[in-house]
>>> print(open('data_37.cif').read())   # mmCIF, C-alpha atoms
data_query
loop_
_atom_site.label_atom_id
_atom_site.label_comp_id
_atom_site.auth_asym_id
_atom_site.auth_seq_id
_atom_site.Cartn_x
_atom_site.Cartn_y
_atom_site.Cartn_z
CA MET A 1 26.54 -6.70 -19.61
CA ASP A 2 25.97 -8.68 -16.40
CA LEU A 3 22.69 -9.49 -14.65
CA SER A 4 22.71 -6.43 -12.35
CA GLN A 5 23.20 -4.11 -15.33
CA VAL A 6 20.35 -5.78 -17.20
CA SER A 7 18.18 -5.34 -14.07
CA ALA A 8 19.08 -1.65 -13.81
CA VAL A 9 18.37 -1.00 -17.50
CA LEU A 10 15.00 -2.79 -17.31
CA GLY A 11 14.03 -0.87 -14.18
CA PHE A 12 15.12 2.45 -15.70
CA VAL A 13 13.27 1.91 -18.99
CA PHE A 14 9.99 0.79 -17.40
CA THR A 15 10.06 3.56 -14.78
CA LEU A 16 10.46 6.15 -17.55
CA LEU A 17 7.69 4.53 -19.61
CA ILE A 18 5.28 4.77 -16.67
CA PHE A 19 6.38 8.32 -15.79
CA SER A 20 5.63 9.37 -19.38
CA TYR A 21 1.98 9.39 -18.25
CA LEU A 22 2.71 12.76 -16.61
CA LEU A 23 2.75 14.17 -20.17
CA GLY A 24 -0.67 12.61 -20.85
CA ASP A 25 -1.95 9.19 -21.92
CA ASN A 26 0.48 8.01 -24.62
CA VAL A 27 1.74 4.96 -26.55
CA LEU A 28 4.73 4.37 -24.27
CA TYR A 29 2.60 4.31 -21.13
CA ARG A 30 0.07 1.93 -22.72
CA LEU A 31 2.95 -0.31 -23.82
CA ALA A 32 4.25 -0.53 -20.24
CA ILE A 33 0.74 -1.20 -18.94
CA SER A 34 0.30 -4.04 -21.47
CA VAL A 35 3.55 -5.59 -20.20
CA PHE A 36 2.30 -5.12 -16.64
CA VAL A 37 -1.05 -6.83 -17.32
CA GLY A 38 0.64 -9.73 -19.14
CA LEU A 39 3.13 -10.29 -16.31
CA ALA A 40 0.47 -9.91 -13.61
CA ALA A 41 -1.70 -12.52 -15.38
CA ALA A 42 1.26 -14.89 -15.66
CA PHE A 43 2.27 -14.56 -12.01
CA THR A 44 -1.35 -14.92 -10.87
CA ALA A 45 -1.64 -18.12 -12.93
CA ILE A 46 1.66 -19.45 -11.50
CA VAL A 47 0.72 -18.72 -7.89
CA THR A 48 -2.80 -20.13 -8.30
CA LEU A 49 -1.57 -23.32 -9.94
CA GLN A 50 1.35 -23.79 -7.54
CA SER A 51 -0.40 -23.07 -4.26
CA VAL A 52 -3.91 -24.41 -4.84
CA ILE A 53 -4.45 -26.64 -7.85
CA LEU A 54 -1.19 -28.62 -8.19
CA PRO A 55 -1.01 -29.59 -4.46
CA LEU A 56 -4.57 -30.86 -4.76
CA LEU A 57 -3.73 -32.90 -7.88
CA GLN A 58 -0.61 -34.35 -6.21
CA HIS A 59 -2.55 -35.51 -3.17
CA ILE A 60 -5.30 -37.36 -4.96
CA THR A 61 -4.96 -40.74 -3.31
CA ALA A 62 -8.58 -41.66 -2.71
CA TYR A 63 -11.87 -41.49 -4.52
CA ASN A 64 -13.19 -38.78 -2.17
CA GLU A 65 -10.30 -36.43 -3.10
CA ALA A 66 -10.98 -37.03 -6.81
CA ALA A 67 -14.69 -36.44 -6.24
CA PHE A 68 -13.91 -33.20 -4.38
CA LEU A 69 -11.83 -31.89 -7.28
CA LEU A 70 -14.50 -32.98 -9.74
CA ILE A 71 -17.22 -31.10 -7.83
CA ALA A 72 -15.01 -27.99 -7.65
CA ALA A 73 -14.31 -28.18 -11.39
CA LEU A 74 -18.02 -28.70 -12.08
CA LEU A 75 -18.95 -25.61 -10.03
CA ALA A 76 -16.26 -23.57 -11.83
CA VAL A 77 -17.58 -24.74 -15.23
CA LEU A 78 -21.16 -23.95 -14.18
CA LEU A 79 -20.07 -20.35 -13.60
CA LEU A 80 -19.17 -20.15 -17.30
CA PHE A 81 -22.81 -20.70 -18.35
CA LYS A 82 -23.85 -17.20 -17.28
CA PRO A 83 -23.99 -15.72 -20.82
CA LEU A 84 -26.23 -18.59 -22.04
CA ARG A 85 -29.83 -17.57 -21.44
CA GLY A 86 -31.19 -21.10 -21.11
CA ALA A 87 -28.45 -22.39 -18.81
CA SER A 88 -27.81 -19.41 -16.56
CA GLY A 89 -29.86 -21.10 -13.81
CA LEU A 90 -26.96 -23.55 -13.40
CA THR A 91 -24.63 -20.58 -12.86
CA ASN A 92 -26.94 -19.29 -10.14
CA LEU A 93 -26.71 -22.67 -8.41
CA ALA A 94 -22.90 -22.46 -8.31
CA LEU A 95 -23.12 -18.82 -7.24
CA ALA A 96 -25.49 -19.80 -4.41
CA VAL A 97 -22.81 -22.16 -3.01
CA LEU A 98 -20.14 -19.42 -3.23
CA ILE A 99 -22.43 -16.77 -1.72
CA GLY A 100 -23.58 -19.01 1.15
CA VAL A 101 -20.06 -20.02 2.20
CA GLY A 102 -18.68 -16.51 1.52
CA ALA A 103 -21.37 -14.86 3.66
CA ALA A 104 -20.71 -17.28 6.52
CA VAL A 105 -16.95 -16.62 6.41
CA ALA A 106 -17.57 -12.85 6.25
CA VAL A 107 -19.90 -12.96 9.27
CA TYR A 108 -17.43 -15.08 11.27
CA GLY A 109 -14.53 -12.80 10.28
CA ALA A 110 -16.47 -9.65 11.21
CA ILE A 111 -17.39 -11.07 14.63
CA THR A 112 -14.08 -12.61 15.67
CA GLY A 113 -11.71 -10.33 13.75
CA THR A 114 -13.22 -6.90 14.30
CA LEU A 115 -16.31 -6.64 16.49
CA ILE A 116 -15.14 -8.52 19.60
CA PRO A 117 -11.46 -7.37 19.68
CA LEU A 118 -12.23 -3.71 18.90
CA THR A 119 -15.16 -3.51 21.31
CA LEU A 120 -13.02 -5.00 24.09
CA ALA A 121 -10.10 -2.69 23.27
CA THR A 122 -12.43 0.35 23.31
CA ALA A 123 -14.03 -0.70 26.59
CA GLU A 124 -10.58 -1.07 28.17
CA SER A 125 -9.21 2.18 26.75
CA THR A 126 -9.75 4.08 30.03
CA ASN A 127 -7.32 1.62 31.64
CA THR A 128 -4.79 1.50 28.83
CA GLU A 129 -4.77 5.13 27.63
CA GLY A 130 -5.84 7.11 30.73
CA ILE A 131 -9.23 8.43 31.90
CA ILE A 132 -9.58 11.49 29.61
CA GLU A 133 -8.13 9.76 26.56
CA GLY A 134 -10.31 6.72 27.21
CA ILE A 135 -13.46 8.86 27.41
CA ILE A 136 -12.51 10.64 24.14
CA ILE A 137 -11.96 7.26 22.46
CA VAL A 138 -15.32 5.87 23.65
CA LEU A 139 -17.05 9.13 22.63
CA GLY A 140 -15.35 9.00 19.22
CA VAL A 141 -16.29 5.38 18.57
CA VAL A 142 -19.93 5.78 19.67
CA SER A 143 -20.45 9.06 17.77
CA SER A 144 -18.80 7.60 14.64
CA LEU A 145 -21.25 4.70 14.74
CA VAL A 146 -24.16 7.13 15.19
CA TYR A 147 -22.85 9.08 12.18
CA PHE A 148 -23.17 5.90 10.09
CA GLN A 149 -26.82 5.46 11.11
CA TYR A 150 -29.11 6.54 8.29
CA THR A 151 -32.53 5.88 9.81
CA ALA A 152 -34.69 8.98 10.18
CA ARG A 153 -38.33 10.03 10.67
CA ARG A 154 -40.51 11.41 7.90
CA ARG A 155 -42.30 14.63 8.89
CA PRO A 156 -45.96 15.19 7.85
CA ASP A 157 -44.73 17.50 5.05
CA GLY A 158 -42.68 14.59 3.64
CA VAL A 159 -39.25 15.87 4.63
CA VAL A 160 -37.01 13.21 6.19
CA VAL A 161 -35.14 14.48 9.27
CA ARG A 162 -33.06 12.97 12.03
CA GLY A 163 -33.78 13.83 15.64
CA PRO A 164 -31.87 16.75 17.21
CA ILE A 165 -29.87 14.50 19.59
CA THR A 166 -28.88 12.09 16.79
CA ARG A 167 -27.93 15.04 14.58
CA THR A 168 -25.71 16.58 17.27
CA ILE A 169 -23.97 13.29 18.04
CA SER A 170 -23.52 12.57 14.33
CA VAL A 171 -21.76 15.95 13.85
CA VAL A 172 -19.27 14.88 16.54
CA GLY A 173 -18.97 11.50 14.79
CA GLU A 174 -18.44 13.21 11.43
CA THR A 175 -15.58 15.18 12.99
CA PHE A 176 -13.86 11.99 14.19
CA VAL A 177 -14.47 10.11 10.93
CA MET A 178 -13.33 12.98 8.68
CA LEU A 179 -10.26 13.65 10.84
CA THR A 180 -9.33 9.97 10.52
CA LEU A 181 -9.96 9.84 6.77
CA GLY A 182 -7.93 13.05 6.32
CA ALA A 183 -5.06 11.53 8.32
CA ILE A 184 -5.22 8.35 6.21
CA TYR A 185 -5.17 10.51 3.07
CA GLY A 186 -2.16 12.43 4.41
CA ALA A 187 -0.39 9.15 5.21
CA ALA A 188 -1.13 7.92 1.66
CA ILE A 189 0.41 11.12 0.23
CA LEU A 190 3.48 10.62 2.44
CA SER A 191 3.86 6.97 1.38
CA SER A 192 3.55 7.72 -2.32
CA LEU A 193 5.94 10.66 -1.90
CA ILE A 194 8.53 8.32 -0.40
CA VAL A 195 8.13 5.93 -3.35
CA LEU A 196 8.38 8.87 -5.80
CA VAL A 197 11.60 10.11 -4.16
CA ASP A 198 13.00 6.56 -4.31
CA ARG A 199 12.19 6.29 -8.03
CA LEU A 200 13.69 9.71 -8.81
CA ASP A 201 16.78 8.75 -6.80
CA PHE A 202 17.02 5.51 -8.83
CA ILE A 203 16.78 7.44 -12.14
CA VAL A 204 19.41 10.00 -11.07
CA ASP A 205 21.75 7.22 -9.86
CA PHE A 206 21.33 5.31 -13.13
CA ILE A 207 22.09 8.39 -15.26
CA ALA A 208 25.05 9.30 -13.02
CA ASN A 209 26.45 5.77 -13.47
CA ILE A 210 26.06 6.00 -17.26
CA VAL A 211 27.64 9.46 -17.43
CA GLY A 212 30.37 8.55 -14.93
CA GLY A 213 31.01 5.24 -16.73
CA GLY A 214 30.31 3.24 -13.55
CA MET B 1 -49.59 -18.30 -4.96
CA ARG B 2 -46.86 -18.75 -7.53
CA ILE B 3 -43.74 -20.20 -6.05
CA ARG B 4 -40.61 -19.45 -8.04
CA LEU B 5 -38.83 -22.77 -7.82
CA GLY B 6 -35.53 -21.33 -9.01
CA PHE B 7 -35.47 -18.78 -6.19
CA ALA B 8 -36.53 -21.40 -3.66
CA LEU B 9 -33.74 -23.74 -4.79
CA TYR B 10 -31.01 -21.06 -4.75
CA THR B 11 -32.17 -19.73 -1.38
CA THR B 12 -32.16 -23.25 0.06
CA VAL B 13 -28.62 -23.85 -1.21
CA VAL B 14 -27.44 -20.52 0.24
CA VAL B 15 -29.13 -21.17 3.61
CA VAL B 16 -27.84 -24.76 3.90
CA PHE B 17 -24.26 -23.94 2.93
CA GLY B 18 -24.23 -20.66 4.91
CA VAL B 19 -25.70 -22.08 8.13
CA LEU B 20 -23.51 -25.22 8.09
CA THR B 21 -20.34 -23.20 7.39
CA LEU B 22 -21.09 -20.58 10.06
CA ALA B 23 -22.06 -23.21 12.62
CA GLY B 24 -18.88 -25.18 11.90
CA LEU B 25 -16.71 -22.07 12.25
CA LEU B 26 -18.37 -21.02 15.51
CA VAL B 27 -18.21 -24.52 17.02
CA GLY B 28 -14.49 -24.97 16.25
CA ASP B 29 -13.06 -28.30 17.37
CA GLY B 30 -15.91 -28.68 19.85
CA SER B 31 -13.69 -28.52 22.97
CA ALA B 32 -15.71 -25.58 24.36
CA PHE B 33 -18.84 -27.77 24.52
CA GLY B 34 -17.53 -30.33 26.99
CA ASP B 35 -19.12 -33.78 26.62
CA THR B 36 -21.29 -32.77 23.68
CA GLY B 37 -18.18 -31.53 21.81
CA ALA B 38 -17.80 -34.83 19.98
CA LEU B 39 -21.34 -34.46 18.62
CA VAL B 40 -20.83 -30.96 17.17
CA ALA B 41 -17.21 -31.42 16.02
CA PRO B 42 -18.21 -32.88 12.59
CA LEU B 43 -19.74 -29.48 11.78
CA ASN B 44 -16.23 -28.04 11.79
CA THR B 45 -15.07 -30.71 9.33
CA ILE B 46 -18.00 -29.92 7.06
CA SER B 47 -17.35 -26.15 7.17
CA ASN B 48 -13.63 -26.71 6.42
CA LEU B 49 -14.61 -28.87 3.44
CA PHE B 50 -16.99 -26.17 2.14
CA ILE B 51 -14.37 -23.43 2.53
CA ARG B 52 -11.77 -25.58 0.76
CA LEU B 53 -14.26 -26.24 -2.02
CA VAL B 54 -14.91 -22.52 -2.48
CA VAL B 55 -11.17 -21.74 -2.46
CA VAL B 56 -10.56 -24.33 -5.20
CA VAL B 57 -13.55 -23.07 -7.24
CA ILE B 58 -12.24 -19.48 -7.00
CA ALA B 59 -8.74 -20.67 -8.01
CA LEU B 60 -10.17 -22.51 -11.02
CA THR B 61 -12.28 -19.48 -12.04
CA LEU B 62 -9.15 -17.32 -11.75
CA VAL B 63 -7.34 -19.62 -14.19
CA ILE B 64 -10.40 -19.61 -16.49
CA GLY B 65 -10.44 -15.80 -16.29
CA ILE B 66 -6.77 -15.64 -17.31
CA PHE B 67 -7.48 -17.92 -20.29
CA ASN B 68 -10.35 -15.61 -21.21
CA LEU B 69 -8.03 -12.58 -21.04
CA LEU B 70 -5.51 -14.32 -23.29
CA SER B 71 -8.17 -15.45 -25.79
CA VAL B 72 -9.63 -11.91 -25.98
CA HIS B 73 -6.19 -10.48 -26.74
CA ALA B 74 -5.41 -13.28 -29.20
CA VAL B 75 -8.58 -12.40 -31.14
CA ARG B 76 -7.73 -8.67 -30.85
CA LEU B 77 -4.27 -9.40 -32.23
CA VAL B 78 -5.82 -10.88 -35.38
CA ARG B 79 -8.88 -8.67 -35.81
CA GLY B 80 -7.92 -5.59 -33.75
CA PRO B 81 -9.33 -2.17 -34.65
CA GLY B 82 -5.91 -0.60 -35.27
CA THR B 83 -2.16 -1.13 -35.19
CA GLY B 84 -1.88 0.32 -31.67
CA ALA B 85 -4.46 -2.08 -30.24
CA ARG B 86 -2.84 -5.05 -32.00
CA LEU B 87 0.60 -4.02 -30.75
CA ASN B 88 -0.66 -3.75 -27.15
CA SER B 89 -2.29 -7.20 -27.37
CA LEU B 90 0.87 -8.68 -28.87
CA ILE B 91 3.00 -7.20 -26.08
CA LEU B 92 0.58 -8.51 -23.44
CA LEU B 93 0.69 -12.05 -24.88
CA VAL B 94 4.47 -12.01 -25.31
CA SER B 95 5.05 -10.74 -21.76
CA PHE B 96 2.73 -13.48 -20.42
CA ILE B 97 4.73 -16.18 -22.24
CA VAL B 98 8.09 -14.62 -21.27
CA ALA B 99 7.08 -14.58 -17.59
CA LEU B 100 6.07 -18.26 -17.71
CA VAL B 101 9.30 -19.27 -19.49
CA ALA B 102 11.47 -17.20 -17.11
CA TYR B 103 9.77 -18.84 -14.15
CA GLN B 104 10.45 -22.30 -15.57
CA PHE B 105 14.17 -21.53 -15.87
CA SER B 106 14.60 -19.91 -12.48
CA SER B 107 11.85 -20.15 -9.88
CA ASP B 108 14.06 -18.93 -6.98
CA TYR B 109 15.18 -15.57 -8.39
CA ASN B 110 12.74 -14.26 -10.94
CA LEU B 111 14.43 -11.55 -13.04
CA ILE B 112 11.19 -10.52 -14.71
CA LEU B 113 9.28 -10.26 -11.43
CA GLU B 114 12.00 -8.33 -9.61
CA ASN B 115 13.05 -5.99 -12.39
CA VAL B 116 9.98 -5.41 -14.51
CA GLN B 117 6.86 -6.18 -12.49
CA VAL B 118 8.05 -4.63 -9.22
CA GLN B 119 9.58 -1.63 -11.03
CA ILE B 120 6.31 -0.92 -12.87
CA GLU B 121 4.35 -1.27 -9.63
CA LEU B 122 6.72 1.15 -7.85
CA ALA B 123 6.47 3.68 -10.68
CA LEU B 124 2.65 3.45 -10.63
CA ALA B 125 2.67 3.90 -6.83
CA ALA B 126 4.85 6.99 -7.29
CA LEU B 127 2.39 8.38 -9.87
CA ILE B 128 -0.40 8.13 -7.27
CA CYS B 129 1.33 10.96 -5.38
CA PHE B 130 0.41 13.46 -8.11
CA ALA B 131 -3.23 12.30 -8.19
CA LEU B 132 -3.51 12.52 -4.38
CA VAL B 133 -1.97 16.00 -4.18
CA TYR B 134 -4.20 17.21 -7.03
CA GLY B 135 -7.24 15.73 -5.26
CA ALA B 136 -6.32 17.51 -2.02
CA PHE B 137 -5.85 20.76 -3.98
CA ARG B 138 -9.35 20.45 -5.46
CA LEU B 139 -10.94 19.40 -2.16
CA LEU B 140 -12.55 22.69 -1.15
CA ARG B 141 -13.31 23.99 -4.64
CA ARG B 142 -16.81 22.50 -4.56
CA GLY B 143 -17.71 24.35 -1.38
CA VAL B 144 -16.52 24.65 2.20
CA THR B 145 -18.16 22.13 4.55
CA TRP B 146 -17.41 21.18 8.15
CA GLY B 147 -16.46 17.67 7.05
CA GLY B 148 -14.14 19.01 4.33
CA LEU B 149 -12.39 21.36 6.75
CA VAL B 150 -11.82 18.61 9.32
CA PHE B 151 -10.57 16.29 6.56
CA LEU B 152 -8.08 18.95 5.47
CA ALA B 153 -7.00 19.51 9.10
CA GLY B 154 -6.38 15.78 9.59
CA MET B 155 -4.33 15.62 6.39
CA LEU B 156 -2.24 18.70 7.25
CA ILE B 157 -1.59 17.46 10.80
CA ILE B 158 -0.07 14.24 9.43
CA LEU B 159 1.90 16.01 6.67
CA ILE B 160 3.31 18.75 8.91
CA GLY B 161 3.97 16.26 11.71
CA ALA B 162 6.16 14.24 9.34
CA LEU B 163 8.52 17.16 8.65
CA PRO B 164 11.92 16.42 10.23
CA LEU B 165 12.41 19.91 11.75
CA SER B 166 13.47 20.44 15.37
CA GLN B 167 11.30 23.61 15.57
CA LEU B 168 8.23 21.46 14.98
CA GLU B 169 8.86 19.12 17.91
CA PRO B 170 5.88 20.42 19.98
CA LEU B 171 3.66 19.97 16.95
CA GLN B 172 4.91 16.42 16.52
CA GLN B 173 3.86 15.68 20.12
CA VAL B 174 0.39 16.99 19.28
CA THR B 175 0.40 14.80 16.15
CA ASP B 176 1.37 11.76 18.25
CA TRP B 177 -1.49 12.44 20.71
CA LEU B 178 -3.97 12.98 17.88
CA THR B 179 -2.89 9.72 16.26
CA ARG B 180 -3.14 7.84 19.55
CA VAL B 181 -6.54 9.16 20.71
CA PRO B 182 -8.99 10.83 18.26
CA LEU B 183 -7.65 9.21 15.10
CA SER B 184 -7.63 5.82 16.82
CA ALA B 185 -11.25 6.44 17.90
CA GLY B 186 -12.29 7.41 14.37
CA ALA B 187 -10.52 4.40 12.87
CA ARG B 188 -12.21 2.08 15.39
CA GLY B 189 -15.57 3.67 14.60
CA ILE B 190 -15.06 3.15 10.85
CA LEU B 191 -13.89 -0.46 11.30
CA LEU B 192 -16.76 -1.28 13.67
CA GLY B 193 -19.19 0.32 11.21
CA ILE B 194 -17.82 -1.85 8.38
CA ALA B 195 -17.95 -4.96 10.59
CA LEU B 196 -21.55 -4.28 11.65
CA ALA B 197 -22.59 -3.71 8.03
CA THR B 198 -20.83 -6.95 7.01
CA LEU B 199 -22.55 -8.81 9.85
CA VAL B 200 -26.02 -7.50 8.97
CA THR B 201 -25.59 -8.14 5.22
CA GLY B 202 -24.08 -11.59 5.84
CA VAL B 203 -26.88 -12.66 8.18
CA ARG B 204 -29.52 -11.34 5.72
CA VAL B 205 -27.90 -13.45 2.97
CA ILE B 206 -27.65 -16.56 5.16
CA ILE B 207 -31.28 -16.42 6.28
CA GLY B 208 -32.44 -15.84 2.70
CA GLN B 209 -33.64 -12.24 3.13
CA ASP B 210 -31.12 -10.77 0.68
CA ARG B 211 -31.44 -12.49 -2.71
CA THR B 212 -29.24 -10.77 -5.23
CA TYR B 213 -28.83 -13.96 -7.27
CA GLY B 214 -31.05 -15.85 -9.65
CA ASN B 215 -33.14 -12.85 -10.69
CA GLN B 216 -33.22 -13.74 -14.38
CA SER B 217 -33.62 -17.46 -14.62
CA SER B 218 -35.88 -18.84 -11.97
CA VAL B 219 -38.05 -21.76 -12.94
CA GLU B 220 -41.70 -21.03 -12.31
#
>>> encode(input="data_37.cif", output="C-alpha cells")
Amino acid sequence: MDLSQVSAVLGFVFTLLIFSYLLGDNVLYRLAISVFVGLAAAFTAIVTLQSVILPLLQHITAYNEAAFLLIAALLAVLLLFKPLRGASGLTNLALAVLIGVGAAVAVYGAITGTLIPLTLATAESTNTEGIIEGIIIVLGVVSSLVYFQYTARRRPDGVVVRGPITRTISVVGETFVMLTLGAIYGAAILSSLIVLVDRLDFIVDFIANIVGGG
Amino acid sequence: MRIRLGFALYTTVVVVFGVLTLAGLLVGDGSAFGDTGALVAPLNTISNLFIRLVVVVIALTLVIGIFNLLSVHAVRLVRGPGTGARLNSLILLVSFIVALVAYQFSSDYNLILENVQVQIELALAALICFALVYGAFRLLRRGVTWGGLVFLAGMLIILIGALPLSQLEPLQQVTDWLTRVPLSAGARGILLGIALATLVTGVRVIIGQDRTYGNQSSVE
C-alpha cells in the first residue's frame, strides 16, 4: 500500500466517521472529533512555537530582548492566577495591558480598515455605479445604520417608542439588512453544498476504485 | 469618598497602554508631521513594542491553554467517569503526540494534516449544509414577519440565481444587479455598524469609561 492509498483510506474512514453524525450523536463521531481536537491542538502548538516563540528565542542577542521575553512570560503567568482568590488582582493587571493595547488596535483597525474606505466608496458610488444605483446604495447604507440605532423616547405612560421618521427609515434599513443576511445565508448553503457534493464524490470514487480493483 | 485603588490602577494601565498604542498607530513613521515628525516618531516604536508584547503574551497563553487541555485529558484518562470518556481522552492524547511526531519527520508534506485534519474539516463543513437547510426550513414556523420574508427572499434569490439553467438567464441578471446594488448597500451598512460599535466600545475602554475588568479583586 503506497502513500496515496494510505491517504485515500484515511480520508474515507474519517469522512464516514463524521457523516455518521447524520444518524445521531454516536461513539464513532465522538472518536473522530477527539482525533480532530488532538490534531488541532498539536498544529496550533506547532504554528505558535514556530512563528512566534522560537524566532524570538533565536534572536535574543541583547539584554533588552531577554527582558522583553521575560515581561511577556510574566504577563502570561499572571493570567494563570485568575482562579486564586487572593492573587486574581495580578491577573487583572495583565488583562489591563491586553485590553488597553487590544482596544487601541481595534479602534485603529475600525477607522482605517472599515470606516474610511467604506464611507469613501459609498460616497463615490454615484460615480462608480451610476446615479440610480448610487442613490440606492447611499439610501441602503444610511437606513441600515438607522436600523442599528436603538435610542428611543419614553412616553409618559412608560412605553418606549421610536419617532415615526426613525421607524420608517429603520423599516427600509431592516429590508436591506435582512436581504443581505438572507443572501449570505444562501451563499453559505451553496458553499456547504459544494463541499458536500465533493465529499460524496470522493466516497463514490473510493468505493468504485475498491470494487473495480483500481 | 472611597477610592478603589485596584480599579484606579487597572484603569490607569488600560488608559496608558491604550492611548500610547493608538497614538503610535495614528502617527505612523511621523512623515506626515513634517519637521515635528522626528519628535512623534518614537510613539510608533512604543506602540509596535506593545503590540509585539501582546502578540507574544497571547502566543504563550495559547501554549499554556494547550498544556491545560492535555493535562485535563490526562487526568480524565486515569479517573474518567466511564470507558467511553477515557477512550476519547486517550485518542485525543495519542493524536496530539502522533501529529507532533509526524511533523518532526516531515515538515514539508504533513500526511496527518493533509489526510486526517483537512478531511475531517471538509466533512464537518459538508455537515453544516444539513443544519443550514433545516434552519431555513424552520425559519417561518415561529411566525411570519417582514424581516423573515425579506431574509427568505434574499436566500432564494441567491440559490435560484446559482442554478446553471439557460431559462433562468434573465433571473441571473436580476441576481447580479441585486448583489451589486442592494446587497452591497446592506453589507456596507452592516460593516459600518460593526465598525462604529467597535470604535465606540474601544474609545470607552481607552478613556476608562468601560471597566469590565477587576470587578472582584480591587484593593480598597
>>> resolve_selection(input="data_37.cif", expression="the PyMOL selection byres ((chain B and resi 71-78) around 9)", output="MDAnalysis selection string")
chainID B and resid 66:70 79:81 85:90 92:93
>>> residues_around(input="data_37.cif", residues="Phe202 (chain A)", least_positions_apart="3", cutoff="12 Å", atoms="all atoms listed in the file", output="PyMOL selection string")
(chain A and resi 8-9+11-13+15-16+195-199+205-209) or (chain B and resi 119+122-123)
>>> atom_distance(input="data_37.cif", atom1="CA of Ala59 (chain B)", atom2="CA of Asp210 (chain B)")
26.0 Å
>>> resolve_selection(input="data_37.cif", expression="the PyMOL selection byres ((chain A and resi 96-108) around 9)", output="ChimeraX atom specification")
/A:75,91-95,109-113 /B:10-23,25-26,47,50-51,54,57-58,195,198-203,205-206,213-214
>>> write_last_selection(input="data_37.cif", atoms="C-alpha atoms", output="compact mmCIF listing (two decimals), in the frame of the given file")
# COMPACT_ATOMS: atom_id res chain seq x y z
CA LEU A 75 -18.95 -25.61 -10.03
CA THR A 91 -24.63 -20.58 -12.86
CA ASN A 92 -26.94 -19.29 -10.14
CA LEU A 93 -26.71 -22.67 -8.41
CA ALA A 94 -22.90 -22.46 -8.31
CA LEU A 95 -23.12 -18.82 -7.24
CA GLY A 109 -14.53 -12.80 10.28
CA ALA A 110 -16.47 -9.65 11.21
CA ILE A 111 -17.39 -11.07 14.63
CA THR A 112 -14.08 -12.61 15.67
CA GLY A 113 -11.71 -10.33 13.75
CA TYR B 10 -31.01 -21.06 -4.75
CA THR B 11 -32.17 -19.73 -1.38
CA THR B 12 -32.16 -23.25 0.06
CA VAL B 13 -28.62 -23.85 -1.21
CA VAL B 14 -27.44 -20.52 0.24
CA VAL B 15 -29.13 -21.17 3.61
CA VAL B 16 -27.84 -24.76 3.90
CA PHE B 17 -24.26 -23.94 2.93
CA GLY B 18 -24.23 -20.66 4.91
CA VAL B 19 -25.70 -22.08 8.13
CA LEU B 20 -23.51 -25.22 8.09
CA THR B 21 -20.34 -23.20 7.39
CA LEU B 22 -21.09 -20.58 10.06
CA ALA B 23 -22.06 -23.21 12.62
CA LEU B 25 -16.71 -22.07 12.25
CA LEU B 26 -18.37 -21.02 15.51
CA SER B 47 -17.35 -26.15 7.17
CA PHE B 50 -16.99 -26.17 2.14
CA ILE B 51 -14.37 -23.43 2.53
CA VAL B 54 -14.91 -22.52 -2.48
CA VAL B 57 -13.55 -23.07 -7.24
CA ILE B 58 -12.24 -19.48 -7.00
CA ALA B 195 -17.95 -4.96 10.59
CA THR B 198 -20.83 -6.95 7.01
CA LEU B 199 -22.55 -8.81 9.85
CA VAL B 200 -26.02 -7.50 8.97
CA THR B 201 -25.59 -8.14 5.22
CA GLY B 202 -24.08 -11.59 5.84
CA VAL B 203 -26.88 -12.66 8.18
CA VAL B 205 -27.90 -13.45 2.97
CA ILE B 206 -27.65 -16.56 5.16
CA TYR B 213 -28.83 -13.96 -7.27
CA GLY B 214 -31.05 -15.85 -9.65
>>> residues_around(input="data_37.cif", residues="region 175-181 of chain B", least_positions_apart="4", cutoff="9 Å", atoms="only C-alpha atoms", output="count of residues only")
17
>>> atom_distance(input="data_37.cif", atom1="CA of Ser125 (chain A)", atom2="CA of Leu139 (chain A)")
11.3 Å
>>> atom_distance(input="data_37.cif", atom1="CA of Val146 (chain A)", atom2="CA of Ser170 (chain A)")
5.5 Å
>>> closest_residue(input="data_37.cif", among="B:Gln117, B:Gln209, B:Asn44, B:Thr145", to="chain A", atoms="all atoms listed in the file")
B:Gln117
>>> residues_around(input="data_37.cif", residues="region 76-84 of chain A", least_positions_apart="2", cutoff="7 Å", atoms="only C-alpha atoms", output="list in words")
Ala72, Ala73, Leu74, Gly86, Ala87, Ser88, Leu90, Thr91 and Ala94 of chain A; Val57, Leu60 and Thr61 of chain B
>>> residues_near_point(input="data_37.cif", point="(2.9, -8.1, -19.2)", cutoff="7 Å", atoms="all atoms listed in the file", output="PyMOL selection string")
(chain A and resi 34-40) or (chain B and resi 91-92+95-96)
>>> closest_residue(input="data_37.cif", among="B:Ala197, B:Val40, B:Met155, B:Ile207", to="chain A", atoms="only C-alpha atoms")
B:Met155
>>> resolve_selection(input="data_37.cif", expression="the PyMOL selection byres ((chain B and resi 150) around 9)", output="list in words")
Glu174, Thr175, Phe176, Met178, Leu179 and Gly182 of chain A; Thr145, Trp146, Gly147, Gly148, Leu149, Phe151, Leu152, Ala153, Gly154 and Met155 of chain B
>>> write_last_selection(input="data_37.cif", atoms="C-alpha atoms", output="compact mmCIF listing (two decimals), keeping the file's coordinate frame")
# COMPACT_ATOMS: atom_id res chain seq x y z
CA GLU A 174 -18.44 13.21 11.43
CA THR A 175 -15.58 15.18 12.99
CA PHE A 176 -13.86 11.99 14.19
CA MET A 178 -13.33 12.98 8.68
CA LEU A 179 -10.26 13.65 10.84
CA GLY A 182 -7.93 13.05 6.32
CA THR B 145 -18.16 22.13 4.55
CA TRP B 146 -17.41 21.18 8.15
CA GLY B 147 -16.46 17.67 7.05
CA GLY B 148 -14.14 19.01 4.33
CA LEU B 149 -12.39 21.36 6.75
CA PHE B 151 -10.57 16.29 6.56
CA LEU B 152 -8.08 18.95 5.47
CA ALA B 153 -7.00 19.51 9.10
CA GLY B 154 -6.38 15.78 9.59
CA MET B 155 -4.33 15.62 6.39
